[in-house]
Each structure stands twice: as structure tokens, then as C-alpha cells.
file start_20.txt (compact mmCIF, C-alpha atoms)
# COMPACT_ATOMS: atom_id res chain seq x y z
CA MET A 1 0.00 0.00 0.00
CA ILE A 2 1.27 3.47 -0.93
CA LYS A 3 1.64 5.68 2.11
CA ARG A 4 -0.25 8.94 1.76
CA VAL A 5 1.75 11.68 3.45
CA MET A 6 1.93 15.46 3.21
CA LYS A 7 4.79 17.35 4.84
CA ILE A 8 3.65 20.63 6.38
CA ALA A 9 5.35 23.52 8.18
CA LEU A 10 3.76 25.66 10.90
CA VAL A 11 5.75 28.90 11.17
CA GLN A 12 5.75 30.79 14.48
CA LEU A 13 6.93 34.24 13.47
CA SER A 14 8.11 37.14 15.57
CA VAL A 15 5.86 40.08 14.67
CA GLY A 16 6.69 43.75 15.24
CA GLY A 17 5.57 47.17 14.15
CA ASP A 18 7.49 47.24 10.84
CA LYS A 19 5.12 45.81 8.24
CA ALA A 20 7.75 45.41 5.52
CA LYS A 21 10.04 43.58 7.93
CA ASN A 22 7.20 41.26 8.99
CA ILE A 23 6.41 40.41 5.38
CA ALA A 24 10.08 39.83 4.53
CA ALA A 25 10.44 37.47 7.50
CA ALA A 26 7.41 35.49 6.34
CA VAL A 27 8.76 35.19 2.80
CA HIS A 28 12.11 34.00 4.15
CA GLU A 29 10.45 31.30 6.24
CA ILE A 30 8.34 30.14 3.29
CA HIS A 31 11.54 29.45 1.33
CA GLN A 32 13.16 27.83 4.39
CA ALA A 33 10.18 25.50 4.76
CA LYS A 34 10.41 24.51 1.12
CA ALA A 35 14.13 23.79 1.52
CA LYS A 36 13.23 21.40 4.35
CA GLY A 37 10.82 19.49 2.14
CA ALA A 38 7.49 21.02 3.13
CA GLN A 39 4.66 20.89 0.60
CA LEU A 40 2.47 23.29 2.57
CA VAL A 41 3.42 26.09 4.93
CA ALA A 42 1.12 27.97 7.31
CA LEU A 43 1.75 31.38 8.88
CA PRO A 44 0.25 32.81 12.11
CA GLU A 45 -2.66 35.16 12.73
CA CYS A 46 -1.83 38.83 12.04
CA PHE A 47 1.68 37.99 10.88
CA ASN A 48 2.13 41.32 9.07
CA SER A 49 0.96 43.56 11.91
CA PRO A 50 0.75 43.76 15.68
CA TYR A 51 -2.48 42.24 16.98
CA GLY A 52 -4.89 44.81 18.40
CA THR A 53 -7.95 46.78 17.44
CA LYS A 54 -5.92 49.99 17.28
CA PHE A 55 -3.66 48.47 14.58
CA PHE A 56 -6.17 46.92 12.17
CA GLU A 57 -7.03 50.13 10.29
CA GLN A 58 -3.40 51.21 9.97
CA TYR A 59 -2.14 47.89 8.61
CA ALA A 60 -5.20 46.93 6.54
CA GLU A 61 -4.95 46.27 2.82
CA GLU A 62 -7.11 44.95 0.02
CA VAL A 63 -7.15 41.27 -0.89
CA PRO A 64 -5.63 40.14 -3.20
CA SER A 65 -4.07 43.37 -4.47
CA GLY A 66 -2.31 44.49 -1.27
CA GLU A 67 1.43 44.32 -0.68
CA THR A 68 1.23 41.33 1.67
CA CYS A 69 -0.82 39.27 -0.76
CA ARG A 70 1.49 40.13 -3.63
CA ALA A 71 4.49 39.01 -1.57
CA LEU A 72 2.79 35.73 -0.56
CA SER A 73 1.76 34.98 -4.14
CA LYS A 74 5.29 35.58 -5.39
CA ALA A 75 6.87 33.49 -2.63
CA ALA A 76 4.47 30.59 -3.21
CA ALA A 77 5.24 30.61 -6.93
CA GLU A 78 9.00 30.91 -6.48
CA ALA A 79 9.09 28.12 -3.90
CA GLY A 80 6.46 25.97 -5.61
CA ILE A 81 4.67 25.46 -2.29
CA CYS A 82 1.16 25.99 -0.95
CA VAL A 83 1.04 28.94 1.45
CA ILE A 84 -1.67 29.42 4.05
CA GLY A 85 -1.04 33.08 4.65
CA GLY A 86 -1.97 33.33 8.32
CA THR A 87 -4.19 36.38 8.54
CA VAL A 88 -3.98 40.02 7.57
CA PRO A 89 -6.28 42.92 8.33
CA GLU A 90 -8.32 43.17 5.12
CA ARG A 91 -9.97 46.34 3.85
CA CYS A 92 -12.99 45.84 1.62
CA GLY A 93 -14.75 49.11 0.91
CA ASP A 94 -15.36 50.71 4.29
CA GLN A 95 -15.26 47.37 6.15
CA LEU A 96 -12.36 45.62 7.88
CA TYR A 97 -11.98 41.84 8.24
CA ASN A 98 -9.44 39.44 9.75
CA THR A 99 -8.67 37.39 6.66
CA CYS A 100 -6.70 34.28 5.72
CA THR A 101 -5.55 33.79 2.15
CA VAL A 102 -4.23 30.58 0.57
CA TRP A 103 -1.88 30.48 -2.42
CA ASP A 104 -1.06 27.41 -4.51
CA GLY A 105 2.35 26.46 -5.87
CA SER A 106 1.88 28.67 -8.92
CA GLY A 107 1.02 31.73 -6.85
CA LYS A 108 -2.71 31.59 -7.61
CA LEU A 109 -5.20 32.59 -4.90
CA LEU A 110 -6.70 29.25 -3.92
CA ALA A 111 -8.95 30.27 -1.01
CA GLN A 112 -9.92 33.22 1.15
CA TYR A 113 -11.51 33.05 4.59
CA ARG A 114 -12.75 35.88 6.79
CA LYS A 115 -12.83 35.18 10.53
CA MET A 116 -16.40 34.20 11.31
CA HIS A 117 -16.47 34.35 15.12
CA LEU A 118 -15.02 37.60 16.41
CA PHE A 119 -12.97 37.66 19.60
CA ASP A 120 -15.17 39.51 22.09
CA ILE A 121 -14.41 38.46 25.67
CA ASP A 122 -14.26 39.93 29.14
CA ILE A 123 -12.40 38.07 31.89
CA PRO A 124 -12.35 40.43 34.90
CA ASN A 125 -8.90 41.56 36.04
CA LYS A 126 -7.25 39.57 33.24
CA ILE A 127 -8.28 40.45 29.68
CA THR A 128 -11.00 42.38 27.87
CA PHE A 129 -10.94 42.43 24.08
CA LYS A 130 -13.58 43.27 21.48
CA GLU A 131 -12.67 42.69 17.85
CA SER A 132 -16.17 43.72 16.82
CA ASP A 133 -15.35 47.31 17.75
CA VAL A 134 -13.37 47.44 14.50
CA LEU A 135 -13.88 44.24 12.48
CA LYS A 136 -16.82 42.70 10.68
CA PRO A 137 -17.36 38.92 10.76
CA GLY A 138 -17.11 36.78 7.66
CA ASN A 139 -20.04 34.61 6.61
CA GLN A 140 -18.53 31.94 4.36
CA ILE A 141 -16.96 28.59 5.27
CA SER A 142 -13.74 27.94 3.38
CA VAL A 143 -12.48 24.50 2.34
CA PHE A 144 -9.87 24.04 -0.38
CA GLU A 145 -8.02 21.15 -1.98
CA TYR A 146 -4.29 20.91 -2.56
CA GLN A 147 -2.53 17.86 -4.00
CA GLY A 148 -5.65 15.79 -3.40
CA VAL A 149 -5.99 16.78 0.27
CA LYS A 150 -8.98 18.80 1.48
CA ILE A 151 -8.12 21.41 4.09
CA GLY A 152 -10.45 23.58 6.15
CA LEU A 153 -9.71 27.01 7.57
CA GLY A 154 -10.58 28.69 10.86
CA ILE A 155 -9.05 31.63 12.68
CA CYS A 156 -8.28 31.72 16.41
CA TYR A 157 -11.63 32.17 18.21
CA ASP A 158 -13.28 29.96 15.55
CA LEU A 159 -11.53 27.05 17.28
CA ARG A 160 -14.08 27.28 20.10
CA PHE A 161 -16.98 26.40 17.79
CA PRO A 162 -17.13 22.64 17.13
CA GLU A 163 -19.98 23.04 14.65
CA LEU A 164 -17.72 24.82 12.16
CA ALA A 165 -15.09 22.08 12.42
CA GLN A 166 -17.69 19.35 11.95
CA ILE A 167 -19.15 20.98 8.84
CA MET A 168 -15.67 21.20 7.29
CA THR A 169 -15.08 17.57 8.24
CA ASN A 170 -18.35 16.60 6.60
CA GLN A 171 -17.10 18.32 3.45
CA GLY A 172 -14.20 15.87 3.34
CA CYS A 173 -11.37 17.65 5.14
CA SER A 174 -8.38 15.69 6.40
CA LEU A 175 -6.67 18.70 7.97
CA LEU A 176 -7.92 21.84 9.70
CA ILE A 177 -5.59 24.82 10.04
CA TYR A 178 -6.24 27.63 12.52
CA PRO A 179 -3.91 30.63 12.51
CA GLY A 180 -4.47 32.02 16.00
CA ALA A 181 -3.13 34.23 18.75
CA PHE A 182 -4.43 33.04 22.09
CA ASN A 183 -3.23 35.16 25.01
CA MET A 184 -1.54 34.51 28.33
CA THR A 185 -4.90 33.90 30.04
CA THR A 186 -6.70 31.66 27.54
CA GLY A 187 -3.59 30.08 26.02
CA PRO A 188 -2.46 27.98 29.00
CA LYS A 189 -6.04 26.92 29.72
CA HIS A 190 -7.50 26.14 26.30
CA TRP A 191 -5.06 26.26 23.35
CA GLU A 192 -3.95 22.62 23.38
CA LEU A 193 -7.23 21.43 24.90
CA LEU A 194 -9.33 22.84 22.06
CA CYS A 195 -6.91 21.61 19.41
CA ARG A 196 -7.08 18.08 20.78
CA ALA A 197 -10.85 18.32 21.14
CA ARG A 198 -11.40 19.31 17.50
CA ALA A 199 -9.02 16.57 16.31
CA THR A 200 -10.69 13.94 18.52
CA ASP A 201 -14.24 15.04 17.67
CA ASN A 202 -13.62 14.84 13.95
CA GLN A 203 -10.85 12.23 13.74
CA LEU A 204 -8.52 14.31 11.59
CA TRP A 205 -5.36 16.42 11.80
CA VAL A 206 -5.53 19.89 13.35
CA GLY A 207 -2.79 22.53 13.25
CA LEU A 208 -2.67 25.77 15.25
CA VAL A 209 -0.23 28.50 14.18
CA SER A 210 0.57 31.30 16.62
CA PRO A 211 2.86 34.30 16.49
CA ALA A 212 5.88 34.04 18.77
CA ARG A 213 5.51 35.63 22.19
CA ASP A 214 6.62 39.22 22.66
CA PRO A 215 6.32 40.12 26.35
CA THR A 216 6.65 43.83 25.50
CA ALA A 217 3.64 43.86 23.14
CA GLY A 218 0.28 45.31 24.08
CA TYR A 219 -1.27 41.91 23.35
CA VAL A 220 1.00 39.05 24.40
CA ALA A 221 0.52 35.85 22.39
CA TRP A 222 0.79 32.42 24.01
CA GLY A 223 2.80 30.89 21.16
CA HIS A 224 3.08 27.09 21.30
CA SER A 225 2.06 26.35 17.70
CA THR A 226 0.74 22.79 17.80
CA LEU A 227 -0.16 19.85 15.59
CA VAL A 228 -2.54 17.12 16.79
CA ASN A 229 -3.23 13.82 15.06
CA PRO A 230 -6.58 12.05 14.52
CA TRP A 231 -6.16 10.10 17.78
CA GLY A 232 -6.11 13.41 19.65
CA GLU A 233 -2.40 13.07 20.41
CA VAL A 234 0.00 16.02 20.19
CA ALA A 235 2.23 15.19 17.23
CA GLY A 236 4.40 18.27 17.66
CA THR A 237 4.53 21.61 19.43
CA LEU A 238 6.79 24.63 19.81
CA ASP A 239 7.53 26.75 22.86
CA GLU A 240 6.87 30.51 22.92
CA LYS A 241 9.90 31.53 20.83
CA PRO A 242 10.13 31.94 17.03
CA GLY A 243 10.47 28.62 15.24
CA THR A 244 9.03 26.23 12.69
CA LEU A 245 7.26 22.94 13.32
CA ILE A 246 7.71 20.56 10.39
CA ALA A 247 5.81 17.30 10.38
CA ASP A 248 4.43 14.59 8.11
CA ILE A 249 0.65 14.35 7.94
CA ASP A 250 -0.13 10.64 7.59
CA LEU A 251 -3.51 10.57 5.86
CA GLN A 252 -3.89 6.83 6.39
CA LEU A 253 -4.09 7.47 10.12
CA ILE A 254 -7.45 9.15 9.54
CA ASP A 255 -8.86 6.00 7.93
CA GLU A 256 -7.39 3.89 10.72
CA VAL A 257 -9.01 5.90 13.51
CA ARG A 258 -12.35 6.21 11.76
CA SER A 259 -12.57 2.49 11.03
CA GLN A 260 -11.71 1.49 14.59
CA ILE A 261 -13.95 4.07 16.30
CA PRO A 262 -16.71 4.61 13.70
CA ILE A 263 -18.54 7.54 15.27
CA ARG A 264 -19.22 9.08 11.85
CA THR A 265 -21.64 6.28 11.01
CA GLN A 266 -23.00 6.00 14.54
CA ARG A 267 -24.34 9.54 14.88
CA ARG A 268 -28.10 9.64 15.44
CA THR A 269 -28.89 12.06 12.63
CA ASP A 270 -32.50 10.90 12.86
CA ILE A 271 -32.58 12.80 16.18
CA TYR A 272 -29.95 15.57 15.81
CA ASP A 273 -27.73 17.00 13.11
CA ILE A 274 -25.39 19.88 12.28
CA ILE A 275 -26.11 21.55 8.95
CA GLN A 276 -24.70 24.42 6.92
CA LYS A 277 -27.29 27.07 6.07
call {"tool": "encode", "arguments": {"input": "start_20.txt", "output": "C-alpha cells"}}
result
Amino acid sequence: MIKRVMKIALVQLSVGGDKAKNIAAAVHEIHQAKAKGAQLVALPECFNSPYGTKFFEQYAEEVPSGETCRALSKAAAEAGICVIGGTVPERCGDQLYNTCTVWDGSGKLLAQYRKMHLFDIDIPNKITFKESDVLKPGNQISVFEYQGVKIGLGICYDLRFPELAQIMTNQGCSLLIYPGAFNMTTGPKHWELLCRARATDNQLWVGLVSPARDPTAGYVAWGHSTLVNPWGEVAGTLDEKPGTLIADIDLQLIDEVRSQIPIRTQRRTDIYDIIQK
């Protein structure tokens, strides 16, 4: 039997206030990932700008004509690799979105996803954040196919909504990628837990891609980019510093888990179901 494997790279970038420098660092890591054999590389949430409502307007650009998208398209084509471009603040008319773009090995825009569930939380004496003060939510689910593998996209807070993950699984995904920037309150509590939960629920691979931690930033990211396999086991993780997690996605493992624990055929859809409207 031919082993079905895709090598992926999750890149945990250091992000600062210099947009051009952030983009250049991302392009460099895309080529580094290709040199290490990766077929797909994923970048973190807000990799071209600091994360914060006060920054979104300043760093926003149009998709796909903005400078970040042009750089990602060029890098994907030069490296011949699929690039999941983390997220960028997207300007569309007078609206702002938190948007992930995907570029195939020829530099073509393969998919675009706007963060659907905005990060509005209030944990007293720890963190209060309201993306909806500035951003609008997306309203389209995004699944794409690359080299015969279907991949679903979510962004950060989307990870908390199992319905979205299940719909993408029902559409045939083998891998879900979530660029995200959990913080120092929610990160230690829920980052790995939710990643393992989504992988276990849906019996597929799940990758989370965070910016590296900058303790001097206004919003301090947890880091710890993580990959979990269909058994719910952590297949790889980084610490809080800049780095790249490179791993082989064994697609046969999905079939193995689903055949041994066949929950997909055991659901009582005569009583309950999750549907896409």
C-alpha cells in the first residue's frame, strides 16, 4: 500500500511594528520551509501587523491586491509550495476583516476566509478584548483542496466552535488549520485542549499556528504552535519563541481511527444533526 503523506510547516513568526520587515520574514520562512521538504506552509494570525484593534485600520490592505498578498503569491510561486497566509487585516470598501488567504504552488489565490467568530471576551482583572469594535465577521466557510488533500480554515476564536469544524469535516477535510493568537490567560487553559478536542471530535489532523511571544507587546501571544493527530495526540509543538514545526501528515491514520472508532456512522442524525445554512 502506498503511504499517503503530506509534509507541512507551521511557522511561528516574531511580529513587530514594521510591516515590511514582517512580510520579509514570512517570505524568508516560506523558502526555508520549502528547503526542508514542506509541501504546505502555514503562517500565524496577524503575521504582518501587531495584533490589536488599534492596529487593524493602519495595517489593513485589500485582498488580493495588497502588498502582503502580492508578496505571498510571489513566494508561493518561487518556492512551488502551498502557502496558508496566516491572517492580515483586510480592507474591503469601508469594512475591515481578519482574513486568511491561501496560495497554490503557482502563486494563484486558492482560497480566502474571513474570521467568522469575532474575539469579544471579558475576563475580569485579566483580559478584555472586542474585535467587533473594528472588524466585521465573515459569513462563508472555506475549504480548499491541494494535492488531493482537502483542508479547512478557521481563525483563532473559531476554534471554540465545534460546529464549524464538523461541517468542514463533513465536506471531506483531512486537515484543519487555525492561525491564532491566544493570550496569556486563555492560552495555557484552552489552546492545546481545544486543538485536541477538535481533532478527537472529527478524527482528523488539526494545526494551530501562533505568532511568537513578545512580552513587550500590548497583546501578548501564548505561542506554542501545535499539531494534533486524529487520535487526539499532540504530534508536535513549539515553545513561545520563534520557530518552525515541520511534520508529516499521515492521511492513512485518519482512515485507521475512523474504522476502529466509527462515530461518523454512529451519529443519530435521525434525532440531531449539524447543517450548513
call {"tool": "closest_residue", "arguments": {"input": "start_20.txt", "among": "A:Thr226, A:Gln32, A:Ser210, A:Thr237", "to": "Val15 in chain A", "atoms": "only C-alpha atoms"}}
result
A:Ser210
call {"tool": "residues_around", "arguments": {"input": "start_20.txt", "residues": "range 52-60 of chain A", "least_positions_apart": "2", "cutoff": "9 Å", "atoms": "all atoms listed in the file", "output": "number ranges by chain"}}
result
A: 19, 48-50, 62, 66, 88-91, 96-98, 129-135, 218-219
call {"tool": "closest_residue", "arguments": {"input": "start_20.txt", "among": "A:Ile30, A:Ala20, A:Leu43, A:Leu110", "to": "Pro64 in chain A", "atoms": "only C-alpha atoms"}}
result
A:Leu110
call {"tool": "residues_around", "arguments": {"input": "start_20.txt", "residues": "range 177-181 of chain A", "least_positions_apart": "6", "cutoff": "6 Å", "atoms": "only C-alpha atoms", "output": "list in words"}}
result
Pro44, Glu45, Gly86, Leu153, Gly154, Ile155, Cys156, Val206, Gly207, Leu208, Val209, Ser210 and Ala221 of chain A
call {"tool": "residues_around", "arguments": {"input": "start_20.txt", "residues": "Pro230 in chain A", "least_positions_apart": "5", "cutoff": "6 Å", "atoms": "only C-alpha atoms", "output": "list in words"}}
result
Ala199, Gln203, Leu204, Trp205 and Ile254 of chain A
call {"tool": "residues_near_point", "arguments": {"input": "start_20.txt", "point": "(-2.9, 35.2, 28.7)", "cutoff": "9 Å", "atoms": "all atoms listed in the file", "output": "number ranges by chain"}}
result
A: 126-127, 182-189, 219-222
call {"tool": "atom_distance", "arguments": {"input": "start_20.txt", "atom1": "CA of Gln276 in chain A", "atom2": "CA of Met116 in chain A"}}
result
13.6 Å
call {"tool": "closest_residue", "arguments": {"input": "start_20.txt", "among": "A:Leu193, A:Ala76, A:Ile84, A:Val5", "to": "Gly232 in chain A", "atoms": "all atoms listed in the file"}}
result
A:Leu193
call {"tool": "atom_distance", "arguments": {"input": "start_20.txt", "atom1": "CA of Pro137 in chain A", "atom2": "CA of Cys100 in chain A"}}
result
12.7 Å
call {"tool": "atom_distance", "arguments": {"input": "start_20.txt", "atom1": "CA of Ala38 in chain A", "atom2": "CA of Leu10 in chain A"}}
result
9.8 Å
call {"tool": "decode", "arguments": {"input": "start_20.txt", "residues": "range 195-214 of chain A", "atoms": "N, CA and C atoms", "output": "mmCIF file, in the first residue's frame"}}
result
data_model
loop_
_atom_site.group_PDB
_atom_site.id
_atom_site.type_symbol
_atom_site.label_atom_id
_atom_site.label_comp_id
_atom_site.auth_asym_id
_atom_site.auth_seq_id
_atom_site.Cartn_x
_atom_site.Cartn_y
_atom_site.Cartn_z
ATOM 1 N N CYS A 195 -7.504 22.262 20.581
ATOM 2 C CA CYS A 195 -6.906 21.609 19.406
ATOM 3 C C CYS A 195 -7.130 20.104 19.461
ATOM 4 N N ARG A 196 -6.885 19.530 20.622
ATOM 5 C CA ARG A 196 -7.084 18.083 20.784
ATOM 6 C C ARG A 196 -8.560 17.715 20.689
ATOM 7 N N ALA A 197 -9.415 18.587 21.205
ATOM 8 C CA ALA A 197 -10.854 18.319 21.142
ATOM 9 C C ALA A 197 -11.342 18.291 19.699
ATOM 10 N N ARG A 198 -10.947 19.272 18.897
ATOM 11 C CA ARG A 198 -11.398 19.305 17.502
ATOM 12 C C ARG A 198 -10.851 18.108 16.722
ATOM 13 N N ALA A 199 -9.599 17.727 16.986
ATOM 14 C CA ALA A 199 -9.018 16.566 16.311
ATOM 15 C C ALA A 199 -9.727 15.281 16.723
ATOM 16 N N THR A 200 -10.030 15.147 18.006
ATOM 17 C CA THR A 200 -10.688 13.940 18.517
ATOM 18 C C THR A 200 -12.133 13.868 18.046
ATOM 19 N N ASP A 201 -12.848 14.992 18.120
ATOM 20 C CA ASP A 201 -14.242 15.040 17.674
ATOM 21 C C ASP A 201 -14.395 14.571 16.237
ATOM 22 N N ASN A 202 -13.464 15.018 15.393
ATOM 23 C CA ASN A 202 -13.623 14.839 13.947
ATOM 24 C C ASN A 202 -12.667 13.826 13.343
ATOM 25 N N GLN A 203 -11.767 13.285 14.161
ATOM 26 C CA GLN A 203 -10.851 12.227 13.737
ATOM 27 C C GLN A 203 -10.046 12.652 12.499
ATOM 28 N N LEU A 204 -9.380 13.785 12.635
ATOM 29 C CA LEU A 204 -8.518 14.309 11.587
ATOM 30 C C LEU A 204 -7.351 15.066 12.203
ATOM 31 N N TRP A 205 -6.507 15.635 11.350
ATOM 32 C CA TRP A 205 -5.364 16.417 11.802
ATOM 33 C C TRP A 205 -5.784 17.870 12.029
ATOM 34 N N VAL A 206 -5.254 18.482 13.064
ATOM 35 C CA VAL A 206 -5.528 19.892 13.352
ATOM 36 C C VAL A 206 -4.214 20.606 13.675
ATOM 37 N N GLY A 207 -3.985 21.732 12.998
ATOM 38 C CA GLY A 207 -2.789 22.532 13.248
ATOM 39 C C GLY A 207 -3.145 23.935 13.691
ATOM 40 N N LEU A 208 -2.495 24.408 14.760
ATOM 41 C CA LEU A 208 -2.667 25.772 15.253
ATOM 42 C C LEU A 208 -1.352 26.521 15.051
ATOM 43 N N VAL A 209 -1.444 27.739 14.503
ATOM 44 C CA VAL A 209 -0.234 28.500 14.180
ATOM 45 C C VAL A 209 -0.301 29.870 14.857
ATOM 46 N N SER A 210 0.558 30.069 15.828
ATOM 47 C CA SER A 210 0.571 31.300 16.624
ATOM 48 C C SER A 210 1.773 32.169 16.271
ATOM 49 N N PRO A 211 1.647 33.481 16.487
ATOM 50 C CA PRO A 211 2.862 34.303 16.490
ATOM 51 C C PRO A 211 3.732 33.910 17.693
ATOM 52 N N ALA A 212 5.003 34.226 17.607
ATOM 53 C CA ALA A 212 5.878 34.040 18.768
ATOM 54 C C ALA A 212 5.495 35.052 19.848
ATOM 55 N N ARG A 213 5.858 34.754 21.069
ATOM 56 C CA ARG A 213 5.511 35.632 22.189
ATOM 57 C C ARG A 213 6.460 36.828 22.276
ATOM 58 N N ASP A 214 5.860 38.000 22.414
ATOM 59 C CA ASP A 214 6.621 39.220 22.656
ATOM 60 C C ASP A 214 6.099 39.824 23.952
#
